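Step one of this worksheet: look at the structure below.
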There are 2 protein chains.
Amino acid sequence: MINVAVFGYGTVGSGTVEVLMNNGDVIEGFVHDRINVKSILDLRDFPGDKYESRIVHDVDEIVNDPEISIICETMGGTGAAYKFTKMALEAGKSVCTSNKEMVAAHGAEMIALAKAHNCSYKFEASVGGGIPIIRPLETSLTADVILSVCGIVNGTTNYMLTKMDKEGADFDAVLKEAQANGYAEADPTADIEGFDACRKIAILASLVYKKTVKYEDIHTEGIKNISARDMKYASQLGRKIKLLARYESNNNIRYAIVAPFLLTPDNPLYHVDDVFNAIKVTGNMLGEAMFYGKGAGKLATASAVASDVVECAKNIGKHIECELSEEVVSFTDLDVSKKRFFVRVGAEVTAEAKAALPVEEEVKVGFYDEFAFVTKKISEAEFEKAKNELGTGVLNYIRMEDRE
Amino acid sequence: MINVAVFGYGTVGSGTVEVLMNNGDVIEGFVHDRINVKSILDLRDFPGDKYESRIVHDVDEIVNDPEISIICETMGGTGAAYKFTKMALEAGKSVCTSNKEMVAAHGAEMIALAKAHNCSYKFEASVGGGIPIIRPLETSLTADVILSVCGIVNGTTNYMLTKMDKEGADFDAVLKEAQANGYAEADPTADIEGFDACRKIAILASLVYKKTVKYEDIHTEGIKNISARDMKYASQLGRKIKLLARYESNNNIRYAIVAPFLLTPDNPLYHVDDVFNAIKVTGNMLGEAMFYGKGAGKLATASAVASDVVECAKNIGKHIECELSEEVVSFTDLDVSKKRFFVRVGAEVTAEAKAALPVEEEVKVGFYDEFAFVTKKISEAEFEKAKNELGTGVLNYIRMEDRE
């Protein structure tokens, strides 16, 4: 029997207990031993809960328990989670986490700590919920130069954009509805501002680059400015608006960005709607591969945590390699990267916009108080300069995702 | 330095050499050692080829070479490939293969042989070309009861069905065009009859079930009967026709099948067009995950072979576990599984068809010489019986893929 403890009995934590206990037979088929959830760390009591008797309030009780060899950290945040993860790894217990803040902020440090103590730090659930993406990047896409990682990695914003697209509703109305039915949190900032997606692409870019990409360095725009009007223009262009988290490394230009993009139907990400997530990886030999599934949700995310538990259980006393060093790298080439931009300006600044930006195509959907157009391919720096010149005349802009 | 040999210098074999030699730096980042293609086994000479000097005609020269520790078997078939794979494994050399016929027919035997000789038998490239699917099934989807594996795993037929759908062309015309531009072979039997897809789903079902599923036992229908008329009906139903390879295990009913199905747009496989492949896996906790990419092609497939080489190179002298026993299992529940069927009969047997099958919905696209309809949900056995009664009156039928 292999004993496991869960830190944090919230949504993902309780899901993890459920997966480990209910799918015991399947798991035993891979581990050739039984997994048992011995202790659950939480400040709260859970009177009447099926696993009430396993609730523990003191982390020391778990960290000092020689019978426990694997920890599932599903607490979230970088406060207590950071302290407790370090304690667990220093005690030689492997840690499997769904905590993207922790991985984005301290992943490499935890991997090094795990290595020093002959245990492992695993984080499949930190990106894409139940979608296998971390392990494929580490173990399957190992013979390719990775040119791009581009994903829809936030379910809340994808749900909202899908609703806006299908129903013509405006941002505020859709946000309220998403909050009402549990698809958006009371404080939706992390999702709608792109911060959540930013941490996830930082994790993926770090894995690809094998060095730490700091999420603070990634240019991040959310979806707050997307309106029903933008959806009309997108439709006119035969495109959909998606919040993409991208890492690009091509022709010696390397950058990461989180921002809304206009996608064409021949892009497999175009078809990823509602709360679903997908991550498209492009390799120099492989071409495009895409990983699709439930990017959030209790059991899907817990399934990913549990798959990490299975791998750790097969490797008790050993460190599972993860090539990710603490050395920090920053990608500085966003400014010189070139794209086309869809731009809307007030009708009164039409002449100034035409002077500031090279118009490739005008886009008309019947709003006479504004002028909308797609630029020719220009650099981010050129666009930024023109945008600043036009000031409040710019109503909104969205990058075009063009397939080469 | 880790020395590798390639068996068979055809399309995938030469692609594998290219990936291993050209992406050496990336690969070294994972292996922490250099991979070198020392020998290439082929009956032919390749005068002028970059690697001409490494061509070897005698398998013994490679099998007896103590410097070579990994073999890439890209010969195809189960003749010489079977013999040479055994020789290699018995000599303690790991074998990485793209050969689906070998894996479907002798996979479990080769895994056992590898285990006995402290080496490995890896076959990521045998299903889905460059798409990581074998390794995710073995290492990521390990905490879920797998309820279904459903894929578009043959690029030739998907290309043809996409062409027929978009251009309204008939089967024979599209096949000729596909042959002319290299998307279909001179003898297209294995693809259009579903035999290729059958071997692939046998491999995936075996991995899920951890016992050998014999491909001969899988009910297999190809796309030869699909006509331009069927495409018109599909369009009328708001669906697309896709050749699916499926393994289903739900409510104590377990079966595998290869056949054309009518898919709705909310199925992620609906959007997989042209030569692309995708495999959707449904777990009891995970829900649906889908793996998408290039299912064939020289470099994509070679990328998968090379990723297996990387894993073997990290595990020299060790057996990489693969839970797949030689015990044969057959799935006998297809007959009792229930679906709706789209059926076209000659107008003259309309009354007989209505008597033999429960009509849920008539489908009309303007052909007055036939009667087309969708049945209610009935068992395969019930449908088979009615089909036999109606005899040549049945012009064609396609199963409906209904999302629960």
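Simple scheme: letters A, B, ... for chains in structure tokens order, numbers from 1 for residues in each chain, numbers from 1 for ligands in the order shown.
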What are the closest atom pairs, with distances in Å to one decimal, for all residues of chain A lying within 6 Å of chain B? Consider only C-alpha atoms, order rows by chain and residue number, and present the result as a Markdown table.
| residue | atom | partner | partner_atom | distance |
| --- | --- | --- | --- | --- |
| A:Ile27 | CA | B:Ala143 | CA | 5.4 |
| A:Gly130 | CA | B:Leu286 | CA | 5.7 |
| A:Ser140 | CA | B:Ser307 | CA | 5.7 |
| A:Thr142 | CA | B:Ser307 | CA | 5.4 |
| A:Ala143 | CA | B:Ser307 | CA | 5.3 |
| A:Met285 | CA | B:Leu299 | CA | 5.2 |
| A:Leu286 | CA | B:Ala300 | CA | 4.1 |
| A:Glu288 | CA | B:Gly293 | CA | 5.7 |
| A:Ala289 | CA | B:Gly293 | CA | 4.2 |
| A:Met290 | CA | B:Tyr292 | CA | 4.8 |
| A:Phe291 | CA | B:Phe291 | CA | 4.9 |
| A:Tyr292 | CA | B:Met290 | CA | 4.8 |
| A:Gly293 | CA | B:Ala289 | CA | 4.2 |
| A:Leu299 | CA | B:Met285 | CA | 5.2 |
| A:Ala300 | CA | B:Leu286 | CA | 4.1 |
| A:Ser303 | CA | B:Leu286 | CA | 5.7 |
| A:Ala306 | CA | B:Ala143 | CA | 5.8 |
| A:Ser307 | CA | B:Ala143 | CA | 5.3 |
Residues from the last selection, N, CA and C atoms, saved as a tab-separated table (two decimals), in the first residue's frame:
chain	number	residue	atom	x	y	z
A	27	ILE	N	-5.97	2.25	-11.17
A	27	ILE	CA	-4.68	2.77	-10.72
A	27	ILE	C	-3.76	1.63	-10.31
A	130	GLY	N	-7.58	18.65	-17.12
A	130	GLY	CA	-7.41	17.22	-17.37
A	130	GLY	C	-6.64	16.89	-18.63
A	140	SER	N	7.04	13.19	-24.89
A	140	SER	CA	6.67	12.79	-26.25
A	140	SER	C	7.25	13.72	-27.31
A	142	THR	N	9.92	15.20	-27.76
A	142	THR	CA	11.32	15.34	-27.32
A	142	THR	C	12.31	15.28	-28.48
A	143	ALA	N	11.81	15.10	-29.70
A	143	ALA	CA	12.71	15.00	-30.84
A	143	ALA	C	12.47	16.15	-31.82
A	285	MET	N	9.56	19.08	-37.05
A	285	MET	CA	9.38	17.83	-37.79
A	285	MET	C	7.93	17.35	-37.70
A	286	LEU	N	7.38	17.47	-36.53
A	286	LEU	CA	6.03	16.98	-36.23
A	286	LEU	C	4.96	17.75	-36.97
A	288	GLU	N	1.92	20.38	-36.70
A	288	GLU	CA	1.02	20.77	-35.61
A	288	GLU	C	0.41	19.57	-34.91
A	289	ALA	N	0.43	19.59	-33.60
A	289	ALA	CA	-0.34	18.63	-32.81
A	289	ALA	C	-1.17	19.45	-31.84
A	290	MET	N	-2.38	18.99	-31.56
A	290	MET	CA	-3.22	19.73	-30.62
A	290	MET	C	-3.77	18.80	-29.55
A	291	PHE	N	-3.83	19.31	-28.34
A	291	PHE	CA	-4.34	18.57	-27.19
A	291	PHE	C	-5.57	19.30	-26.68
A	292	TYR	N	-6.68	18.60	-26.63
A	292	TYR	CA	-7.99	19.21	-26.40
A	292	TYR	C	-8.72	18.54	-25.25
A	293	GLY	N	-9.45	19.29	-24.47
A	293	GLY	CA	-10.27	18.67	-23.43
A	293	GLY	C	-10.78	19.68	-22.43
A	299	LEU	N	-13.36	17.03	-11.40
A	299	LEU	CA	-12.86	15.68	-11.64
A	299	LEU	C	-11.82	15.62	-12.76
A	300	ALA	N	-11.98	16.46	-13.80
A	300	ALA	CA	-11.00	16.46	-14.88
A	300	ALA	C	-9.63	16.87	-14.34
A	303	SER	N	-8.25	14.22	-12.11
A	303	SER	CA	-7.73	13.10	-12.90
A	303	SER	C	-6.25	13.33	-13.26
A	306	ALA	N	-4.15	12.89	-10.14
A	306	ALA	CA	-4.05	11.47	-9.83
A	306	ALA	C	-3.08	10.76	-10.78
A	307	SER	N	-3.03	11.21	-12.04
A	307	SER	CA	-2.09	10.58	-12.98
A	307	SER	C	-0.65	10.87	-12.56
DSSP on the backbone: which residues in range 366-404 of chain A end up as helix (DSSP H, G or I)? Give the answer as a list in words. Glu380, Ala381, Glu382, Phe383, Glu384, Lys385, Ala386, Lys387, Asn388, Glu389, Leu390, Gly391, Thr392 and Gly393 of chain A
Selected residues written out, C-alpha atoms, as a compact mmCIF listing (two decimals), in the first residue's frame:
# COMPACT_ATOMS: atom_id res chain seq x y z
CA GLU A 380 4.17 45.35 -32.69
CA ALA A 381 6.38 48.41 -32.14
CA GLU A 382 5.00 50.15 -35.24
CA PHE A 383 1.47 49.39 -34.13
CA GLU A 384 2.12 50.57 -30.58
CA LYS A 385 3.52 53.86 -31.86
CA ALA A 386 0.49 54.50 -34.11
CA LYS A 387 -1.90 53.49 -31.34
CA ASN A 388 -0.31 56.03 -29.00
CA GLU A 389 -0.52 58.72 -31.67
CA LEU A 390 -4.22 58.05 -32.23
CA GLY A 391 -4.84 57.99 -28.46
CA THR A 392 -8.48 57.74 -27.45
CA GLY A 393 -9.43 57.69 -31.13
Counting only C-alpha atoms, which residue out of A:Asn252, A:Thr220, A:Asn396, A:Ser98 sits closest to Tyr233 in chain A? A:Asn396
Nearby residues (only C-alpha atoms) at most 10 Å from range 54-70 of chain B, same-chain spacing under 5 positions excluded, as a ChimeraX atom specification: /B:1-9,35-47,49,84-85,87-96,119-121,308-310,312-313,316-317
Take the selection from the previous step and output its residues with N, CA and C atoms, as a CSV table (one decimal), in the first residue's frame.
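selection.csv, freshly written:
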chain,number,residue,atom,x,y,z
B,1,MET,N,28.2,8.7,-26.4
B,1,MET,CA,27.4,8.6,-27.7
B,1,MET,C,26.6,7.3,-27.7
B,2,ILE,N,25.3,7.4,-28.1
B,2,ILE,CA,24.4,6.3,-28.2
B,2,ILE,C,24.2,6.0,-29.6
B,3,ASN,N,24.6,4.7,-30.1
B,3,ASN,CA,24.4,4.4,-31.5
B,3,ASN,C,23.1,3.7,-31.8
B,4,VAL,N,22.5,4.1,-32.9
B,4,VAL,CA,21.2,3.6,-33.3
B,4,VAL,C,21.4,3.1,-34.7
B,5,ALA,N,20.5,2.1,-35.0
B,5,ALA,CA,20.5,1.6,-36.4
B,5,ALA,C,19.0,1.7,-36.9
B,6,VAL,N,18.8,1.9,-38.2
B,6,VAL,CA,17.5,2.0,-38.7
B,6,VAL,C,17.3,0.8,-39.7
B,7,PHE,N,16.2,0.1,-39.5
B,7,PHE,CA,15.9,-1.1,-40.4
B,7,PHE,C,14.9,-0.6,-41.4
B,8,GLY,N,15.3,-0.4,-42.7
B,8,GLY,CA,14.4,0.0,-43.7
B,8,GLY,C,14.5,1.5,-44.0
B,9,TYR,N,15.2,1.8,-45.2
B,9,TYR,CA,15.5,3.2,-45.5
B,9,TYR,C,14.4,3.7,-46.5
B,35,ILE,N,23.0,11.2,-29.8
B,35,ILE,CA,22.5,10.0,-30.6
B,35,ILE,C,23.2,10.0,-32.0
B,36,ASN,N,23.6,8.9,-32.4
B,36,ASN,CA,24.3,8.8,-33.7
B,36,ASN,C,23.6,7.6,-34.5
B,37,VAL,N,23.2,7.9,-35.7
B,37,VAL,CA,22.7,6.8,-36.6
B,37,VAL,C,23.9,6.1,-37.2
B,38,LYS,N,24.3,4.9,-36.6
B,38,LYS,CA,25.5,4.3,-37.1
B,38,LYS,C,25.3,3.5,-38.4
B,39,SER,N,24.2,2.7,-38.4
B,39,SER,CA,23.9,1.8,-39.5
B,39,SER,C,22.5,1.9,-40.0
B,40,ILE,N,22.3,1.7,-41.3
B,40,ILE,CA,21.0,1.7,-41.9
B,40,ILE,C,20.9,0.4,-42.7
B,41,LEU,N,19.9,-0.5,-42.3
B,41,LEU,CA,19.7,-1.7,-43.0
B,41,LEU,C,18.8,-1.6,-44.2
B,42,ASP,N,19.2,-1.9,-45.4
B,42,ASP,CA,18.3,-1.9,-46.5
B,42,ASP,C,18.9,-2.8,-47.6
B,43,LEU,N,18.1,-3.5,-48.3
B,43,LEU,CA,18.6,-4.4,-49.4
B,43,LEU,C,19.2,-3.5,-50.5
B,44,ARG,N,18.7,-2.3,-50.7
B,44,ARG,CA,19.1,-1.5,-51.8
B,44,ARG,C,20.4,-0.7,-51.4
B,45,ASP,N,21.1,-0.3,-52.4
B,45,ASP,CA,22.2,0.7,-52.2
B,45,ASP,C,21.6,2.1,-52.4
B,46,PHE,N,22.2,3.1,-51.9
B,46,PHE,CA,21.7,4.5,-52.1
B,46,PHE,C,22.8,5.4,-52.6
B,47,PRO,N,23.3,5.1,-53.8
B,47,PRO,CA,24.5,5.9,-54.3
B,47,PRO,C,24.2,7.4,-54.3
B,49,ASP,N,23.5,9.2,-51.7
B,49,ASP,CA,22.8,9.6,-50.5
B,49,ASP,C,23.8,10.1,-49.4
B,84,PHE,N,13.6,-9.9,-37.8
B,84,PHE,CA,14.7,-8.9,-37.4
B,84,PHE,C,14.4,-8.3,-36.0
B,85,THR,N,13.1,-8.0,-35.7
B,85,THR,CA,12.8,-7.4,-34.4
B,85,THR,C,13.1,-8.4,-33.3
B,87,MET,N,15.3,-10.8,-33.4
B,87,MET,CA,16.8,-10.9,-33.3
B,87,MET,C,17.3,-9.7,-32.5
B,88,ALA,N,16.8,-8.5,-32.8
B,88,ALA,CA,17.3,-7.3,-32.1
B,88,ALA,C,17.0,-7.4,-30.6
B,89,LEU,N,15.8,-7.7,-30.3
B,89,LEU,CA,15.4,-7.7,-28.9
B,89,LEU,C,16.1,-8.8,-28.1
B,90,GLU,N,16.3,-10.0,-28.8
B,90,GLU,CA,17.1,-11.0,-28.1
B,90,GLU,C,18.5,-10.6,-27.9
B,91,ALA,N,19.0,-9.7,-28.7
B,91,ALA,CA,20.4,-9.2,-28.5
B,91,ALA,C,20.4,-8.0,-27.5
B,92,GLY,N,19.2,-7.8,-26.9
B,92,GLY,CA,19.2,-6.7,-25.8
B,92,GLY,C,19.1,-5.3,-26.4
B,93,LYS,N,18.8,-5.2,-27.7
B,93,LYS,CA,18.6,-3.9,-28.3
B,93,LYS,C,17.2,-3.5,-28.3
B,94,SER,N,16.9,-2.3,-27.8
B,94,SER,CA,15.5,-1.8,-27.8
B,94,SER,C,15.1,-1.5,-29.3
B,95,VAL,N,13.8,-1.7,-29.5
B,95,VAL,CA,13.2,-1.5,-30.9
B,95,VAL,C,12.1,-0.5,-30.8
B,96,CYS,N,12.2,0.5,-31.7
B,96,CYS,CA,11.2,1.6,-31.8
B,96,CYS,C,10.6,1.4,-33.2
B,119,CYS,N,15.4,-4.8,-22.3
B,119,CYS,CA,15.3,-3.7,-23.3
B,119,CYS,C,13.8,-3.4,-23.5
B,120,SER,N,13.5,-2.6,-24.5
B,120,SER,CA,12.1,-2.1,-24.6
B,120,SER,C,11.6,-2.2,-26.1
B,121,TYR,N,10.3,-2.3,-26.2
B,121,TYR,CA,9.7,-2.3,-27.5
B,121,TYR,C,8.7,-1.2,-27.5
B,308,ASP,N,10.5,7.9,-29.3
B,308,ASP,CA,10.7,6.6,-28.7
B,308,ASP,C,12.2,6.4,-28.5
B,309,VAL,N,13.0,6.7,-29.5
B,309,VAL,CA,14.4,6.6,-29.3
B,309,VAL,C,15.0,7.3,-28.1
B,310,VAL,N,14.4,8.6,-28.0
B,310,VAL,CA,14.8,9.4,-26.8
B,310,VAL,C,14.5,8.6,-25.5
B,312,CYS,N,14.1,5.4,-25.0
B,312,CYS,CA,15.0,4.2,-24.9
B,312,CYS,C,16.4,4.6,-24.5
B,313,ALA,N,16.8,5.7,-25.1
B,313,ALA,CA,18.2,6.2,-24.8
B,313,ALA,C,18.4,6.6,-23.3
B,316,ILE,N,18.7,2.9,-21.2
B,316,ILE,CA,19.6,1.9,-21.7
B,316,ILE,C,19.8,0.8,-20.6
B,317,GLY,N,19.6,-0.5,-21.0
B,317,GLY,CA,19.8,-1.6,-20.1
B,317,GLY,C,18.6,-1.8,-19.2
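Minimum atom-to-atom distance to Val349 in chain A, evaluated using only C-alpha atoms, belongs to A:Leu395 out of A:Lys364, A:Leu395, A:Ser126, A:Val336.
Coordinates place CA of Glu167 in chain B at a distance of 22.7 Å from CA of Val343 in chain B.
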Using DSSP on the backbone coordinates, identify all residues within range 55-150 of chain A classified as strand (DSSP E or B); present the result as a ChimeraX atom specification. /A:55-56,68-73,94-97,121-122,146-150
Selection from above, C-alpha atoms, as a short mmCIF file (atom, residue, chain, number, x, y, z; two decimals), in the first residue's frame, can you write it?
data_model
loop_
_atom_site.label_atom_id
_atom_site.label_comp_id
_atom_site.auth_asym_id
_atom_site.auth_seq_id
_atom_site.Cartn_x
_atom_site.Cartn_y
_atom_site.Cartn_z
CA ILE A 55 -8.94 15.31 8.13
CA VAL A 56 -5.81 16.69 9.79
CA ILE A 68 3.04 8.91 3.65
CA SER A 69 5.15 9.13 0.51
CA ILE A 70 3.15 11.36 -1.86
CA ILE A 71 1.37 14.69 -1.34
CA CYS A 72 -1.30 16.21 -3.57
CA GLU A 73 -1.09 19.99 -3.19
CA SER A 94 6.83 13.72 -3.83
CA VAL A 95 4.37 16.54 -4.48
CA CYS A 96 1.72 16.53 -7.24
CA THR A 97 0.04 19.88 -7.72
CA TYR A 121 7.56 17.61 -8.17
CA LYS A 122 4.80 17.02 -10.74
CA ILE A 146 9.32 23.42 -30.70
CA LEU A 147 8.46 26.46 -32.81
CA SER A 148 5.23 27.43 -31.13
CA VAL A 149 2.93 26.63 -28.23
CA CYS A 150 -0.42 28.32 -28.69
#
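The space between CA of His106 in chain A and CA of Val329 in chain A spans 14.3 Å.
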Write out as a compact mmCIF listing (two decimals) with N, CA and C atoms, in the first residue's frame the residues lying within 8 Å of range 260-264 of chain A, counting only C-alpha atoms and excluding same-chain residues fewer than 4 positions away.
# COMPACT_ATOMS: atom_id res chain seq x y z
N GLU A 221 -2.81 40.87 -22.27
CA GLU A 221 -4.05 41.63 -22.44
C GLU A 221 -5.22 40.67 -22.23
N GLY A 222 -6.24 41.14 -21.56
CA GLY A 222 -7.41 40.30 -21.33
C GLY A 222 -8.49 40.53 -22.36
N ILE A 223 -9.73 40.21 -21.99
CA ILE A 223 -10.84 40.31 -22.96
C ILE A 223 -11.82 41.41 -22.60
N ALA A 234 -15.84 40.34 -36.41
CA ALA A 234 -15.18 39.04 -36.52
C ALA A 234 -15.96 38.15 -37.48
N GLY A 238 -15.16 36.35 -41.16
CA GLY A 238 -15.15 34.89 -41.19
C GLY A 238 -14.25 34.31 -40.11
N ARG A 239 -14.12 35.05 -39.02
CA ARG A 239 -13.21 34.63 -37.94
C ARG A 239 -13.91 34.57 -36.60
N LYS A 240 -13.22 34.01 -35.62
CA LYS A 240 -13.69 34.03 -34.24
C LYS A 240 -12.62 34.69 -33.37
N ILE A 241 -13.07 35.35 -32.30
CA ILE A 241 -12.14 35.95 -31.35
C ILE A 241 -11.86 34.95 -30.23
N LYS A 242 -10.60 34.64 -30.01
CA LYS A 242 -10.20 33.72 -28.93
C LYS A 242 -9.07 34.37 -28.13
N LEU A 243 -9.09 34.16 -26.83
CA LEU A 243 -7.98 34.61 -26.00
C LEU A 243 -6.87 33.56 -26.10
N LEU A 244 -5.78 33.91 -26.77
CA LEU A 244 -4.69 32.96 -26.96
C LEU A 244 -3.53 33.25 -25.99
N LEU A 269 -7.83 25.58 -33.38
CA LEU A 269 -8.27 26.27 -32.16
C LEU A 269 -9.59 27.03 -32.37
N TYR A 270 -9.90 27.35 -33.63
CA TYR A 270 -11.15 28.05 -33.97
C TYR A 270 -12.36 27.30 -33.45
N ILE A 398 -7.62 44.17 -32.32
CA ILE A 398 -7.41 42.74 -32.06
C ILE A 398 -6.42 42.23 -33.08
N ARG A 399 -5.48 41.45 -32.62
CA ARG A 399 -4.47 40.89 -33.52
C ARG A 399 -5.07 39.82 -34.43
N MET A 400 -4.62 39.75 -35.65
CA MET A 400 -5.06 38.72 -36.60
C MET A 400 -4.11 37.52 -36.46
N GLU A 401 -4.69 36.33 -36.28
CA GLU A 401 -3.86 35.12 -36.27
C GLU A 401 -3.88 34.58 -37.70
N ASP A 402 -2.76 34.80 -38.41
CA ASP A 402 -2.73 34.38 -39.81
C ASP A 402 -1.89 33.12 -39.96
Residue contacts of range 168-183 of chain A (10 Å, only C-alpha atoms) excluding same-chain residues fewer than 3 positions away, as a ChimeraX atom specification: /A:155-157,159-165,186-188,192,223-232,275,296-297
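Between CA of Ala202 in chain A and CA of Thr78 in chain A the separation is 15.8 Å.
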